[in-house]
file input.txt (compact mmCIF, C-alpha atoms and all ligand atoms)
# COMPACT_ATOMS: atom_id res chain seq x y z
CA MET A 1 109.74 -90.70 9.88
CA ILE A 2 111.33 -87.26 9.76
CA PRO A 3 114.76 -88.08 11.20
CA PRO A 4 116.87 -85.85 13.47
CA GLY A 5 118.91 -83.51 11.30
CA SER A 6 115.79 -82.49 9.36
CA THR A 7 114.14 -79.07 9.72
CA ILE A 8 110.88 -78.41 11.55
CA GLY A 9 108.89 -75.36 10.47
CA ILE A 10 106.59 -73.82 13.08
CA LEU A 11 103.85 -71.28 12.37
CA GLY A 12 103.65 -68.84 15.29
CA GLY A 13 106.56 -67.50 17.30
CA GLY A 14 105.50 -67.22 20.94
CA GLN A 15 106.87 -69.05 23.96
CA LEU A 16 105.21 -72.31 22.92
CA GLY A 17 107.18 -72.25 19.68
CA ARG A 18 110.31 -71.20 21.54
CA MET A 19 110.16 -74.14 23.94
CA THR A 20 109.24 -76.54 21.12
CA GLY A 21 112.24 -75.22 19.21
CA GLN A 22 114.50 -75.84 22.19
CA ALA A 23 113.24 -79.44 22.37
CA ALA A 24 113.70 -79.83 18.61
CA ARG A 25 117.28 -78.60 18.93
CA SER A 26 118.01 -81.08 21.72
CA LEU A 27 117.04 -83.85 19.34
CA GLY A 28 119.26 -82.43 16.61
CA TYR A 29 116.59 -80.84 14.41
CA GLY A 30 116.82 -77.54 12.63
CA TYR A 31 114.05 -75.09 13.41
CA ILE A 32 112.48 -72.32 11.39
CA VAL A 33 109.78 -69.99 12.65
CA TYR A 34 107.11 -68.24 10.59
CA GLU A 35 105.71 -65.27 12.50
CA PRO A 36 104.67 -61.80 11.31
CA GLN A 37 106.10 -60.07 14.42
CA PRO A 38 109.89 -59.62 14.09
CA ASN A 39 112.15 -60.57 17.03
CA CYS A 40 109.50 -62.87 18.51
CA PRO A 41 110.38 -65.14 21.49
CA ALA A 42 110.80 -68.18 19.22
CA SER A 43 113.16 -66.36 16.85
CA HIS A 44 115.87 -66.24 19.55
CA VAL A 45 116.29 -70.01 19.41
CA ALA A 46 115.46 -70.62 15.73
CA ASP A 47 117.84 -71.01 12.80
CA GLN A 48 115.75 -68.53 10.90
CA GLN A 49 112.59 -66.46 11.16
CA ILE A 50 110.37 -65.68 8.20
CA SER A 51 108.65 -62.49 9.23
CA ALA A 52 105.67 -62.07 6.90
CA PRO A 53 101.88 -62.01 7.06
CA TYR A 54 100.16 -65.42 7.10
CA ASP A 55 98.73 -64.81 3.63
CA ASP A 56 102.01 -63.95 1.91
CA GLN A 57 102.14 -66.65 -0.78
CA ALA A 58 105.81 -66.21 -1.67
CA ALA A 59 106.86 -66.31 2.00
CA LEU A 60 104.74 -69.41 2.67
CA GLU A 61 106.35 -71.13 -0.31
CA ARG A 62 109.81 -70.22 0.94
CA PHE A 63 108.91 -71.59 4.38
CA ALA A 64 107.56 -74.83 2.88
CA LYS A 65 110.73 -75.32 0.82
CA ILE A 66 113.01 -75.21 3.87
CA SER A 67 110.77 -77.24 6.20
CA ASP A 68 110.74 -81.05 6.19
CA VAL A 69 107.64 -81.04 8.41
CA ILE A 70 105.40 -78.14 9.43
CA THR A 71 103.34 -77.55 12.55
CA TYR A 72 101.85 -74.62 14.49
CA GLU A 73 102.01 -73.35 18.04
CA PHE A 74 99.15 -70.88 17.91
CA GLU A 75 95.44 -71.41 17.21
CA ASN A 76 94.87 -68.12 15.50
CA VAL A 77 97.09 -68.95 12.53
CA PRO A 78 94.62 -68.73 9.62
CA SER A 79 93.64 -72.31 8.82
CA GLU A 80 93.75 -71.32 5.13
CA ALA A 81 97.54 -70.97 5.44
CA THR A 82 97.80 -74.49 6.87
CA ARG A 83 95.55 -75.82 4.09
CA GLN A 84 97.76 -74.32 1.42
CA LEU A 85 100.93 -75.59 3.06
CA SER A 86 99.56 -79.09 3.54
CA ALA A 87 98.82 -79.37 -0.21
CA THR A 88 102.54 -79.62 -0.89
CA SER A 89 104.15 -80.29 2.52
CA LEU A 90 103.81 -82.62 5.46
CA LEU A 91 101.82 -80.71 8.09
CA HIS A 92 100.52 -81.92 11.48
CA PRO A 93 98.00 -81.69 13.11
CA ARG A 94 95.89 -81.72 9.94
CA PRO A 95 94.34 -78.33 9.01
CA GLU A 96 90.78 -79.50 9.74
CA ILE A 97 91.73 -79.90 13.43
CA LEU A 98 92.98 -76.30 13.58
CA HIS A 99 89.83 -75.17 11.75
CA ILE A 100 87.64 -76.82 14.40
CA CYS A 101 89.64 -75.77 17.46
CA GLN A 102 90.18 -72.12 16.50
CA ASN A 103 86.48 -71.39 16.59
CA ARG A 104 84.19 -71.96 19.58
CA GLU A 105 81.15 -72.60 17.44
CA ARG A 106 82.83 -75.37 15.46
CA GLU A 107 84.55 -76.78 18.54
CA LYS A 108 81.36 -76.96 20.62
CA THR A 109 79.45 -78.41 17.67
CA PHE A 110 82.14 -81.07 17.16
CA LEU A 111 81.99 -82.01 20.84
CA ARG A 112 78.21 -82.18 21.00
CA ASP A 113 77.79 -84.03 17.70
CA ASN A 114 80.29 -86.67 18.78
CA GLY A 115 78.73 -87.19 22.18
CA PHE A 116 81.52 -85.60 24.24
CA PRO A 117 80.23 -83.89 27.40
CA CYS A 118 80.32 -80.07 27.32
CA ALA A 119 78.30 -77.03 28.41
CA PRO A 120 74.88 -76.55 26.82
CA PHE A 121 75.14 -73.81 24.19
CA ARG A 122 73.39 -71.84 21.45
CA ILE A 123 74.94 -70.13 18.43
CA LEU A 124 73.71 -66.59 17.78
CA ASP A 125 74.06 -63.74 15.27
CA THR A 126 71.51 -61.11 16.24
CA LEU A 127 69.96 -59.43 19.27
CA GLU A 128 66.82 -61.55 18.75
CA ASP A 129 68.95 -64.74 18.73
CA LEU A 130 70.56 -63.62 21.97
CA GLN A 131 67.19 -63.08 23.62
CA THR A 132 65.94 -66.49 22.48
CA ALA A 133 69.17 -68.21 23.55
CA LEU A 134 69.06 -66.52 26.94
CA ALA A 135 65.47 -67.66 27.45
CA GLU A 136 66.54 -71.24 26.62
CA ILE A 137 69.91 -71.44 28.39
CA GLY A 138 69.04 -69.13 31.29
CA ALA A 139 71.45 -67.40 33.67
CA PRO A 140 74.13 -67.57 34.79
CA SER A 141 75.65 -68.08 31.37
CA VAL A 142 78.63 -66.83 29.37
CA LEU A 143 78.53 -65.02 26.06
CA LYS A 144 81.66 -65.79 24.03
CA THR A 145 82.79 -64.67 20.57
CA ALA A 146 82.58 -67.58 18.13
CA ALA A 147 86.11 -66.91 16.86
CA PHE A 148 89.46 -65.79 18.21
CA GLY A 149 89.08 -66.10 21.95
CA TYR A 150 91.59 -67.14 24.57
CA ASP A 151 92.34 -66.46 28.24
CA GLY A 152 88.79 -65.22 28.78
CA LYS A 153 89.07 -62.59 26.03
CA GLY A 154 85.81 -61.86 24.21
CA GLN A 155 83.67 -63.20 27.05
CA ILE A 156 80.93 -61.68 29.18
CA LYS A 157 79.33 -63.47 32.09
CA ILE A 158 75.59 -62.98 32.34
CA ASP A 159 74.40 -63.24 35.93
CA ASN A 160 70.86 -62.12 35.57
CA GLN A 161 68.36 -63.05 32.88
CA ASN A 162 66.49 -59.74 33.28
CA LEU A 163 69.31 -57.57 32.02
CA ASP A 164 69.30 -55.01 29.23
CA THR A 165 70.10 -57.34 26.33
CA GLU A 166 70.33 -54.47 23.86
CA GLU A 167 73.06 -52.78 25.87
CA LEU A 168 74.86 -56.11 26.30
CA TRP A 169 74.69 -56.87 22.58
CA GLN A 170 76.15 -53.43 21.78
CA ARG A 171 78.91 -53.82 24.35
CA PHE A 172 79.73 -57.28 23.01
CA GLY A 173 80.24 -55.83 19.52
CA GLN A 174 77.27 -57.47 17.78
CA GLN A 175 79.33 -60.37 16.47
CA ARG A 176 78.62 -64.05 15.96
CA ALA A 177 78.70 -65.69 19.35
CA VAL A 178 78.14 -68.75 21.46
CA LEU A 179 76.02 -68.51 24.59
CA GLU A 180 77.13 -71.18 27.04
CA GLY A 181 75.36 -72.36 30.16
CA TRP A 182 77.31 -71.72 33.36
CA MET A 183 79.19 -74.81 34.52
CA ASP A 184 79.09 -75.40 38.22
CA PHE A 185 82.54 -76.93 38.47
CA ARG A 186 84.56 -78.08 41.45
CA MET A 187 87.89 -77.92 39.66
CA GLU A 188 89.48 -77.24 36.29
CA ILE A 189 91.90 -79.83 34.94
CA SER A 190 93.69 -80.48 31.66
CA VAL A 191 95.24 -83.38 29.83
CA MET A 192 97.81 -83.36 27.04
CA VAL A 193 97.47 -86.14 24.53
CA ALA A 194 100.08 -86.87 21.87
CA ALA A 195 99.75 -89.13 18.84
CA ASN A 196 102.15 -90.03 16.05
CA ALA A 197 101.28 -91.24 12.56
CA GLN A 198 101.92 -94.86 13.61
CA GLY A 199 98.85 -94.60 15.86
CA GLU A 200 100.83 -94.52 19.10
CA MET A 201 99.02 -92.35 21.67
CA LEU A 202 100.10 -91.20 25.15
CA THR A 203 98.88 -88.68 27.72
CA HIS A 204 100.78 -86.60 30.25
CA PRO A 205 99.69 -86.65 33.91
CA VAL A 206 96.53 -84.61 34.59
CA ALA A 207 97.09 -81.01 35.77
CA GLU A 208 94.78 -79.15 38.14
CA ASN A 209 94.45 -75.55 36.97
CA ILE A 210 93.72 -72.43 38.97
CA HIS A 211 92.88 -69.29 36.99
CA THR A 212 92.97 -65.68 38.16
CA ASN A 213 91.23 -63.06 35.98
CA HIS A 214 90.68 -65.80 33.37
CA ILE A 215 94.43 -66.38 33.00
CA LEU A 216 96.11 -69.58 34.17
CA ASP A 217 97.82 -68.86 37.48
CA TYR A 218 98.81 -72.27 38.93
CA SER A 219 98.97 -75.81 37.55
CA ILE A 220 99.21 -78.44 40.26
CA VAL A 221 100.39 -81.93 39.29
CA PRO A 222 99.19 -84.53 39.88
CA ALA A 223 95.68 -83.01 40.04
CA ARG A 224 94.13 -83.58 43.45
CA ILE A 225 91.47 -85.97 42.19
CA SER A 226 91.08 -89.75 42.45
CA ALA A 227 93.22 -92.04 40.29
CA GLU A 228 90.00 -93.25 38.70
CA LEU A 229 88.96 -89.74 37.63
CA GLN A 230 92.47 -89.10 36.30
CA ARG A 231 92.16 -92.22 34.15
CA GLU A 232 88.72 -91.15 33.00
CA ALA A 233 90.07 -87.73 31.95
CA GLU A 234 92.96 -89.37 30.08
CA GLU A 235 90.61 -91.76 28.26
CA LEU A 236 88.28 -88.88 27.33
CA ALA A 237 91.23 -86.90 25.91
CA LYS A 238 92.33 -89.94 23.89
CA ASP A 239 88.81 -90.51 22.55
CA ILE A 240 88.69 -86.89 21.38
CA ALA A 241 92.14 -87.18 19.78
CA ARG A 242 91.07 -90.36 17.95
CA LYS A 243 87.86 -88.75 16.72
CA LEU A 244 89.87 -85.76 15.41
CA GLY A 245 92.44 -88.02 13.73
CA LEU A 246 95.20 -86.29 15.66
CA VAL A 247 98.85 -86.47 14.74
CA GLY A 248 100.67 -84.05 17.03
CA LEU A 249 99.65 -82.68 20.40
CA LEU A 250 96.25 -81.72 21.81
CA GLY A 251 95.49 -79.96 25.09
CA VAL A 252 92.08 -80.87 26.50
CA GLU A 253 90.72 -78.50 29.16
CA LEU A 254 88.07 -80.07 31.37
CA PHE A 255 85.72 -79.10 34.16
CA VAL A 256 85.29 -81.51 37.06
CA MET A 257 81.66 -80.86 37.93
CA THR A 258 80.31 -80.84 41.48
CA ASP A 259 78.77 -84.29 40.88
CA GLY A 260 82.18 -85.67 39.88
CA SER A 261 81.46 -85.92 36.14
CA LEU A 262 83.72 -84.40 33.47
CA ALA A 263 82.84 -81.79 30.83
CA VAL A 264 85.12 -80.48 28.07
CA ASN A 265 85.77 -76.73 28.11
CA GLU A 266 88.28 -76.20 25.29
CA LEU A 267 90.61 -77.98 22.90
CA ALA A 268 94.03 -76.67 21.83
CA PRO A 269 95.93 -78.57 19.09
CA ARG A 270 99.38 -77.48 20.29
CA PRO A 271 101.46 -77.36 23.49
CA HIS A 272 99.51 -75.95 26.41
CA ASN A 273 100.46 -73.60 29.25
CA SER A 274 99.14 -76.07 31.83
CA ALA A 275 101.70 -78.70 30.77
CA HIS A 276 104.82 -76.53 31.12
CA TYR A 277 105.45 -78.46 34.35
CA SER A 278 106.45 -81.42 32.14
CA LEU A 279 109.72 -79.67 31.21
CA ASP A 280 110.96 -80.15 34.75
CA ALA A 281 108.96 -83.09 36.11
CA CYS A 282 108.49 -85.62 33.31
CA ALA A 283 110.78 -88.03 31.52
CA THR A 284 109.59 -86.43 28.26
CA SER A 285 108.30 -82.85 28.20
CA GLN A 286 105.19 -81.89 26.22
CA PHE A 287 107.50 -80.03 23.81
CA GLU A 288 109.71 -83.04 23.11
CA GLN A 289 106.57 -85.18 22.77
CA PHE A 290 105.20 -82.69 20.26
CA VAL A 291 108.40 -82.95 18.20
CA ARG A 292 108.34 -86.74 18.41
CA ALA A 293 104.67 -86.84 17.39
CA VAL A 294 104.93 -84.58 14.34
CA CYS A 295 108.17 -86.27 13.23
CA ASP A 296 106.63 -89.73 13.71
CA LEU A 297 109.29 -90.84 16.20
CA PRO A 298 108.38 -93.24 19.03
CA LEU A 299 106.59 -91.29 21.78
CA GLY A 300 108.50 -90.82 25.04
CA SER A 301 107.62 -91.89 28.57
CA THR A 302 105.46 -89.32 30.35
CA ALA A 303 106.37 -90.67 33.80
CA LEU A 304 106.23 -88.00 36.52
CA HIS A 305 109.38 -87.78 38.67
CA SER A 306 107.85 -85.65 41.41
CA PRO A 307 104.75 -83.72 42.40
CA ILE A 308 105.12 -80.17 41.09
CA THR A 309 103.31 -76.84 40.77
CA MET A 310 103.80 -74.37 37.95
CA VAL A 311 103.20 -70.65 38.39
CA ASN A 312 102.86 -68.22 35.48
CA ILE A 313 104.87 -65.01 35.70
CA LEU A 314 102.88 -62.20 34.10
CA GLY A 315 104.01 -58.71 33.11
CA ASP A 316 102.19 -57.45 36.22
CA ALA A 317 105.18 -58.66 38.27
CA TRP A 318 107.30 -55.84 36.79
CA GLN A 319 106.30 -52.83 38.82
CA ASP A 320 107.69 -49.32 38.26
CA ASP A 321 110.24 -50.81 35.82
CA ARG A 322 111.61 -53.00 38.64
CA GLN A 323 112.53 -56.59 37.72
CA PRO A 324 110.73 -59.23 39.78
CA ASN A 325 112.84 -60.80 42.53
CA PHE A 326 114.13 -63.70 40.43
CA ALA A 327 117.06 -64.21 42.82
CA ALA A 328 114.64 -65.34 45.54
CA LEU A 329 113.41 -68.09 43.22
CA MET A 330 116.87 -69.09 42.08
CA ARG A 331 118.14 -69.49 45.63
CA ASP A 332 115.54 -72.18 46.29
CA PRO A 333 116.79 -75.64 45.28
CA ALA A 334 113.20 -76.82 44.73
CA VAL A 335 112.52 -74.18 42.08
CA LYS A 336 113.14 -73.96 38.32
CA LEU A 337 112.74 -70.62 36.54
CA HIS A 338 111.90 -70.22 32.84
CA LEU A 339 111.81 -66.85 31.08
CA TYR A 340 110.68 -66.30 27.50
CA GLY A 341 112.97 -63.44 26.44
CA LYS A 342 110.10 -60.95 26.03
CA LYS A 343 111.17 -57.33 26.28
CA ASP A 344 107.91 -55.59 27.06
CA PRO A 345 106.26 -56.66 30.36
CA ARG A 346 102.64 -55.60 29.80
CA PRO A 347 99.99 -56.52 32.39
CA GLY A 348 98.51 -59.95 31.66
CA ARG A 349 101.36 -60.87 29.28
CA LYS A 350 102.96 -64.25 29.95
CA MET A 351 106.65 -63.46 30.51
CA GLY A 352 107.80 -66.75 32.02
CA HIS A 353 106.94 -69.37 34.61
CA PHE A 354 108.49 -71.20 37.51
CA THR A 355 107.95 -74.64 38.98
CA VAL A 356 108.20 -75.87 42.54
CA PHE A 357 108.93 -79.48 43.52
CA ALA A 358 107.75 -81.02 46.79
CA PRO A 359 106.97 -84.46 48.23
CA THR A 360 103.22 -83.90 47.65
CA ALA A 361 101.12 -81.82 45.25
CA GLU A 362 99.62 -79.96 48.21
CA GLU A 363 103.05 -78.94 49.53
CA SER A 364 104.24 -77.87 46.09
CA TYR A 365 101.15 -75.66 45.75
CA GLN A 366 101.76 -74.17 49.19
CA GLY A 367 105.40 -73.52 48.31
CA ALA A 368 104.41 -71.99 44.97
CA GLN A 369 101.98 -69.58 46.62
CA ASN A 370 104.62 -68.48 49.14
CA LEU A 371 107.27 -68.00 46.46
CA LYS A 372 104.91 -66.00 44.26
CA GLN A 373 104.59 -63.50 47.10
CA LEU A 374 108.37 -62.99 47.03
CA LEU A 375 108.41 -62.02 43.35
P1 LIG A 401 87.80 -70.09 28.01
O1 LIG A 401 88.59 -68.96 27.41
O2 LIG A 401 86.54 -70.39 27.28
O3 LIG A 401 88.62 -71.29 28.30
O4 LIG A 401 87.33 -69.56 29.46
C1 LIG A 401 88.27 -69.12 30.41
C2 LIG A 401 87.81 -69.50 31.79
O5 LIG A 401 86.50 -68.97 32.06
C3 LIG A 401 87.67 -70.99 32.00
O6 LIG A 401 88.92 -71.58 32.28
C4 LIG A 401 86.71 -71.03 33.17
O7 LIG A 401 87.37 -70.74 34.38
C5 LIG A 401 85.76 -69.89 32.86
N1 LIG A 401 84.61 -70.38 32.08
C6 LIG A 401 84.53 -70.43 30.74
N2 LIG A 401 83.35 -70.96 30.34
C7 LIG A 401 82.66 -71.24 31.46
C8 LIG A 401 81.35 -71.80 31.71
N3 LIG A 401 80.53 -72.16 30.71
N4 LIG A 401 80.98 -71.95 32.99
C9 LIG A 401 81.81 -71.58 34.00
N5 LIG A 401 83.03 -71.05 33.83
C10 LIG A 401 83.46 -70.87 32.58
call {"tool": "encode", "arguments": {"input": "input.txt", "output": "structure tokens"}}
result
Amino acid sequence: MIPPGSTIGILGGGQLGRMTGQAARSLGYGYIVYEPQPNCPASHVADQQISAPYDDQAALERFAKISDVITYEFENVPSEATRQLSATSLLHPRPEILHICQNREREKTFLRDNGFPCAPFRILDTLEDLQTALAEIGAPSVLKTAAFGYDGKGQIKIDNQNLDTEELWQRFGQQRAVLEGWMDFRMEISVMVAANAQGEMLTHPVAENIHTNHILDYSIVPARISAELQREAEELAKDIARKLGLVGLLGVELFVMTDGSLAVNELAPRPHNSAHYSLDACATSQFEQFVRAVCDLPLGSTALHSPITMVNILGDAWQDDRQPNFAALMRDPAVKLHLYGKKDPRPGRKMGHFTVFAPTAEESYQGAQNLKQLL
């Protein structure tokens, strides 16, 4: 066990690291962030930031020396850095999990080879591969970069099989890709699963996720699906975590298909945007659970105190340099506002979120939609 009073080192300095750091602090841990970008959101709540590239050997060594346990909050940390660090330091989740989850090709292959349900797919490298894959998978389908994709970045939907594949391949950047069959889903949901080194494993309540322009817009909890399907999703997430040998936290994004079956969309071995609701609505937030898991403390209760909806606040809400109407949110006793301390509100950038409590999930979603209009 890494006891309170020790120091947690986190690779990546965005809001996920920031909120993990806040949870770490509440439990009496020190917190050091490794992130190339100076003055990152996590640095404001950390004891120290090491601001260096992820391949800076001397900086990595310095980071390892100060940290009693190391983790990451960002999938695009080079897995090589985690491999090097784990040779001499305690690091969770193990580097192989990051290596799998940071690349769609490896992730999809892992899912398929282990019998977990997911979209049909083909891996491709050339225009000819694309044409063959398209003939096999058909349209609609989605062309996704094999590496470095999130929030719909590096994706093109293909609606019609008779399109100009040469033009598409050019526009896509002629890079290694995954062509995925289109999933006719009824709903998107996600489950957080946490595991410590003792083998304890717990999930947070299932969130129902609504995306706009490929970016998470609302998470409604509990998801408006049957208790049986919620259990099924939780068991599927646990099976995946066991197969990966997880110690830490894993977000499992799922499609609920029109026939009621589940299919895995993506895996994220870190806190997840769709579980931010847990800060306000659960006995133990995903961030505290993450700290407990990587420090091998007993996992905390994930009991939900109330139905809740989370809304992301994007940079788009700042128009003509005007601050969004935060006062309208703060006046409402059913609302909690969280801001990430980011200075530059670019469109599509996640600047903060708010949550809305209500007696039912439906009412919290209604309330959240109304309040979003006021921003
Ligand atoms: P991703 O970045 O792969 O999670 O994709 C972002 C969003 O695009 C997902 O949350 C879905 O809403 C949508 N999407 C991705 N892949 C598919 C697919 N194969 N079929 C239908 N929708 C998809």
call {"tool": "residues_near_ligand", "arguments": {"input": "input.txt", "ligand": "ligand LIG 401 (chain A)", "cutoff": "9 Å", "atoms": "all atoms listed in the file", "output": "ChimeraX atom specification"}}
result
/A:104,118-121,140-144,149-155,157,179-185,187-188,209-216,253-255,265-267
call {"tool": "residues_around", "arguments": {"input": "input.txt", "residues": "A:Glu167", "least_positions_apart": "6", "cutoff": "12 Å", "atoms": "only C-alpha atoms", "output": "compact mmCIF listing (two decimals) with C-alpha atoms, in the coordinates of the input"}}
result
# COMPACT_ATOMS: atom_id res chain seq x y z
CA LEU A 127 69.96 -59.43 19.27
CA LEU A 130 70.56 -63.62 21.97
CA GLY A 173 80.24 -55.83 19.52
CA GLN A 174 77.27 -57.47 17.78
call {"tool": "atom_distance", "arguments": {"input": "input.txt", "atom1": "atom CA of A:Pro298", "atom2": "atom CA of A:Pro93"}}
result
16.6 Å
call {"tool": "closest_residue", "arguments": {"input": "input.txt", "among": "A:Gly341, A:Pro95, A:Pro222, A:Pro347", "to": "A:Ser43", "atoms": "only C-alpha atoms"}}
result
A:Gly341
call {"tool": "closest_residue", "arguments": {"input": "input.txt", "among": "A:Gly13, A:Pro307, A:Pro345, A:Gly260", "to": "A:Gln323", "atoms": "only C-alpha atoms"}}
result
A:Pro345
call {"tool": "closest_residue", "arguments": {"input": "input.txt", "among": "A:Ser278, A:Gln366, A:Asn325, A:Thr203", "to": "A:Asp239", "atoms": "all atoms listed in the file"}}
result
A:Thr203
call {"tool": "closest_residue", "arguments": {"input": "input.txt", "among": "A:Val206, A:Gly251, A:Ala23, A:Thr7", "to": "A:Glu75", "atoms": "only C-alpha atoms"}}
result
A:Gly251
call {"tool": "atom_distance", "arguments": {"input": "input.txt", "atom1": "atom CA of A:Leu236", "atom2": "atom CA of A:Ser190"}}
result
10.9 Å
call {"tool": "residues_around", "arguments": {"input": "input.txt", "residues": "A:His44", "least_positions_apart": "5", "cutoff": "10 Å", "atoms": "all atoms listed in the file", "output": "number ranges by chain"}}
result
A: 13, 18, 21, 33, 39, 49, 340-341
call {"tool": "closest_residue", "arguments": {"input": "input.txt", "among": "A:Asp159, A:Glu61, A:Glu232, A:Asp296", "to": "A:Gly199", "atoms": "all atoms listed in the file"}}
result
A:Asp296
call {"tool": "residues_around", "arguments": {"input": "input.txt", "residues": "A:Ser301", "least_positions_apart": "6", "cutoff": "9 Å", "atoms": "only C-alpha atoms", "output": "list of chain:residue names"}}
result
A:Leu202, A:His204, A:Cys282, A:Ala283, A:Thr284, A:Gln289
call {"tool": "closest_residue", "arguments": {"input": "input.txt", "among": "A:Gly352, A:Pro269, A:Pro53, A:Pro36", "to": "A:Ala317", "atoms": "only C-alpha atoms"}}
result
A:Gly352
call {"tool": "atom_distance", "arguments": {"input": "input.txt", "atom1": "atom CA of A:Ala281", "atom2": "atom CA of A:Ser306"}}
result
6.0 Å
call {"tool": "residues_around", "arguments": {"input": "input.txt", "residues": "A:Gln198", "least_positions_apart": "5", "cutoff": "12 Å", "atoms": "all atoms listed in the file", "output": "ChimeraX atom specification"}}
result
/A:1,245-248,292-299
call {"tool": "residues_around", "arguments": {"input": "input.txt", "residues": "A:Ala52", "least_positions_apart": "3", "cutoff": "12 Å", "atoms": "only C-alpha atoms", "output": "list in words"}}
result
Leu11, Gly12, Gly13, Val33, Tyr34, Glu35, Pro36, Gln37, Pro38, Gln49, Asp55, Asp56, Gln57, Ala58, Ala59, Leu60, Glu61, Arg62 and Phe63 of chain A
call {"tool": "axis_aligned_box", "arguments": {"input": "input.txt", "around": "stretch 316-327 of chain A", "padding_each_side": "5 Å", "output": "AutoDock Vina command-line options"}}
result
--center_x 109.6 --center_y -56.8 --center_z 39.3 --size_x 24.9 --size_y 24.9 --size_z 17.0
call {"tool": "residues_near_point", "arguments": {"input": "input.txt", "point": "(108.0, -76.0, 26.6)", "cutoff": "10 Å", "atoms": "all atoms listed in the file", "output": "mmCIF file with C-alpha atoms, keeping the file's coordinate frame"}}
result
data_model
loop_
_atom_site.group_PDB
_atom_site.id
_atom_site.type_symbol
_atom_site.label_atom_id
_atom_site.label_comp_id
_atom_site.auth_asym_id
_atom_site.auth_seq_id
_atom_site.Cartn_x
_atom_site.Cartn_y
_atom_site.Cartn_z
ATOM 1 C CA GLN A 15 106.870 -69.050 23.960
ATOM 2 C CA LEU A 16 105.210 -72.310 22.920
ATOM 3 C CA GLY A 17 107.180 -72.250 19.680
ATOM 4 C CA ARG A 18 110.310 -71.200 21.540
ATOM 5 C CA MET A 19 110.160 -74.140 23.940
ATOM 6 C CA THR A 20 109.240 -76.540 21.120
ATOM 7 C CA GLY A 21 112.240 -75.220 19.210
ATOM 8 C CA GLN A 22 114.500 -75.840 22.190
ATOM 9 C CA ALA A 23 113.240 -79.440 22.370
ATOM 10 C CA PRO A 271 101.460 -77.360 23.490
ATOM 11 C CA HIS A 272 99.510 -75.950 26.410
ATOM 12 C CA ASN A 273 100.460 -73.600 29.250
ATOM 13 C CA ALA A 275 101.700 -78.700 30.770
ATOM 14 C CA HIS A 276 104.820 -76.530 31.120
ATOM 15 C CA TYR A 277 105.450 -78.460 34.350
ATOM 16 C CA SER A 278 106.450 -81.420 32.140
ATOM 17 C CA LEU A 279 109.720 -79.670 31.210
ATOM 18 C CA ASP A 280 110.960 -80.150 34.750
ATOM 19 C CA SER A 285 108.300 -82.850 28.200
ATOM 20 C CA GLN A 286 105.190 -81.890 26.220
ATOM 21 C CA PHE A 287 107.500 -80.030 23.810
ATOM 22 C CA GLU A 288 109.710 -83.040 23.110
ATOM 23 C CA PHE A 290 105.200 -82.690 20.260
ATOM 24 C CA HIS A 338 111.900 -70.220 32.840
#
call {"tool": "decode", "arguments": {"input": "input.txt", "residues": "stretch 169-186 of chain A", "atoms": "C-alpha atoms", "output": "short mmCIF file (atom, residue, chain, number, x, y, z; two decimals), in the first residue's frame"}}
result
data_model
loop_
_atom_site.label_atom_id
_atom_site.label_comp_id
_atom_site.auth_asym_id
_atom_site.auth_seq_id
_atom_site.Cartn_x
_atom_site.Cartn_y
_atom_site.Cartn_z
CA TRP A 169 -7.79 8.55 -49.00
CA GLN A 170 -6.01 11.82 -49.83
CA ARG A 171 -8.27 13.83 -47.54
CA PHE A 172 -7.74 11.32 -44.74
CA GLY A 173 -3.97 11.81 -44.99
CA GLN A 174 -3.03 8.34 -46.29
CA GLN A 175 -2.25 6.99 -42.83
CA ARG A 176 -2.76 3.63 -41.17
CA ALA A 177 -6.42 3.32 -40.33
CA VAL A 178 -9.27 1.23 -39.08
CA LEU A 179 -12.47 0.98 -41.11
CA GLU A 180 -15.36 0.25 -38.77
CA GLY A 181 -18.85 -0.85 -39.67
CA TRP A 182 -21.56 1.63 -38.69
CA MET A 183 -23.22 0.69 -35.41
CA ASP A 184 -26.94 1.16 -35.35
CA PHE A 185 -27.17 2.09 -31.70
CA ARG A 186 -30.09 3.19 -29.57
#
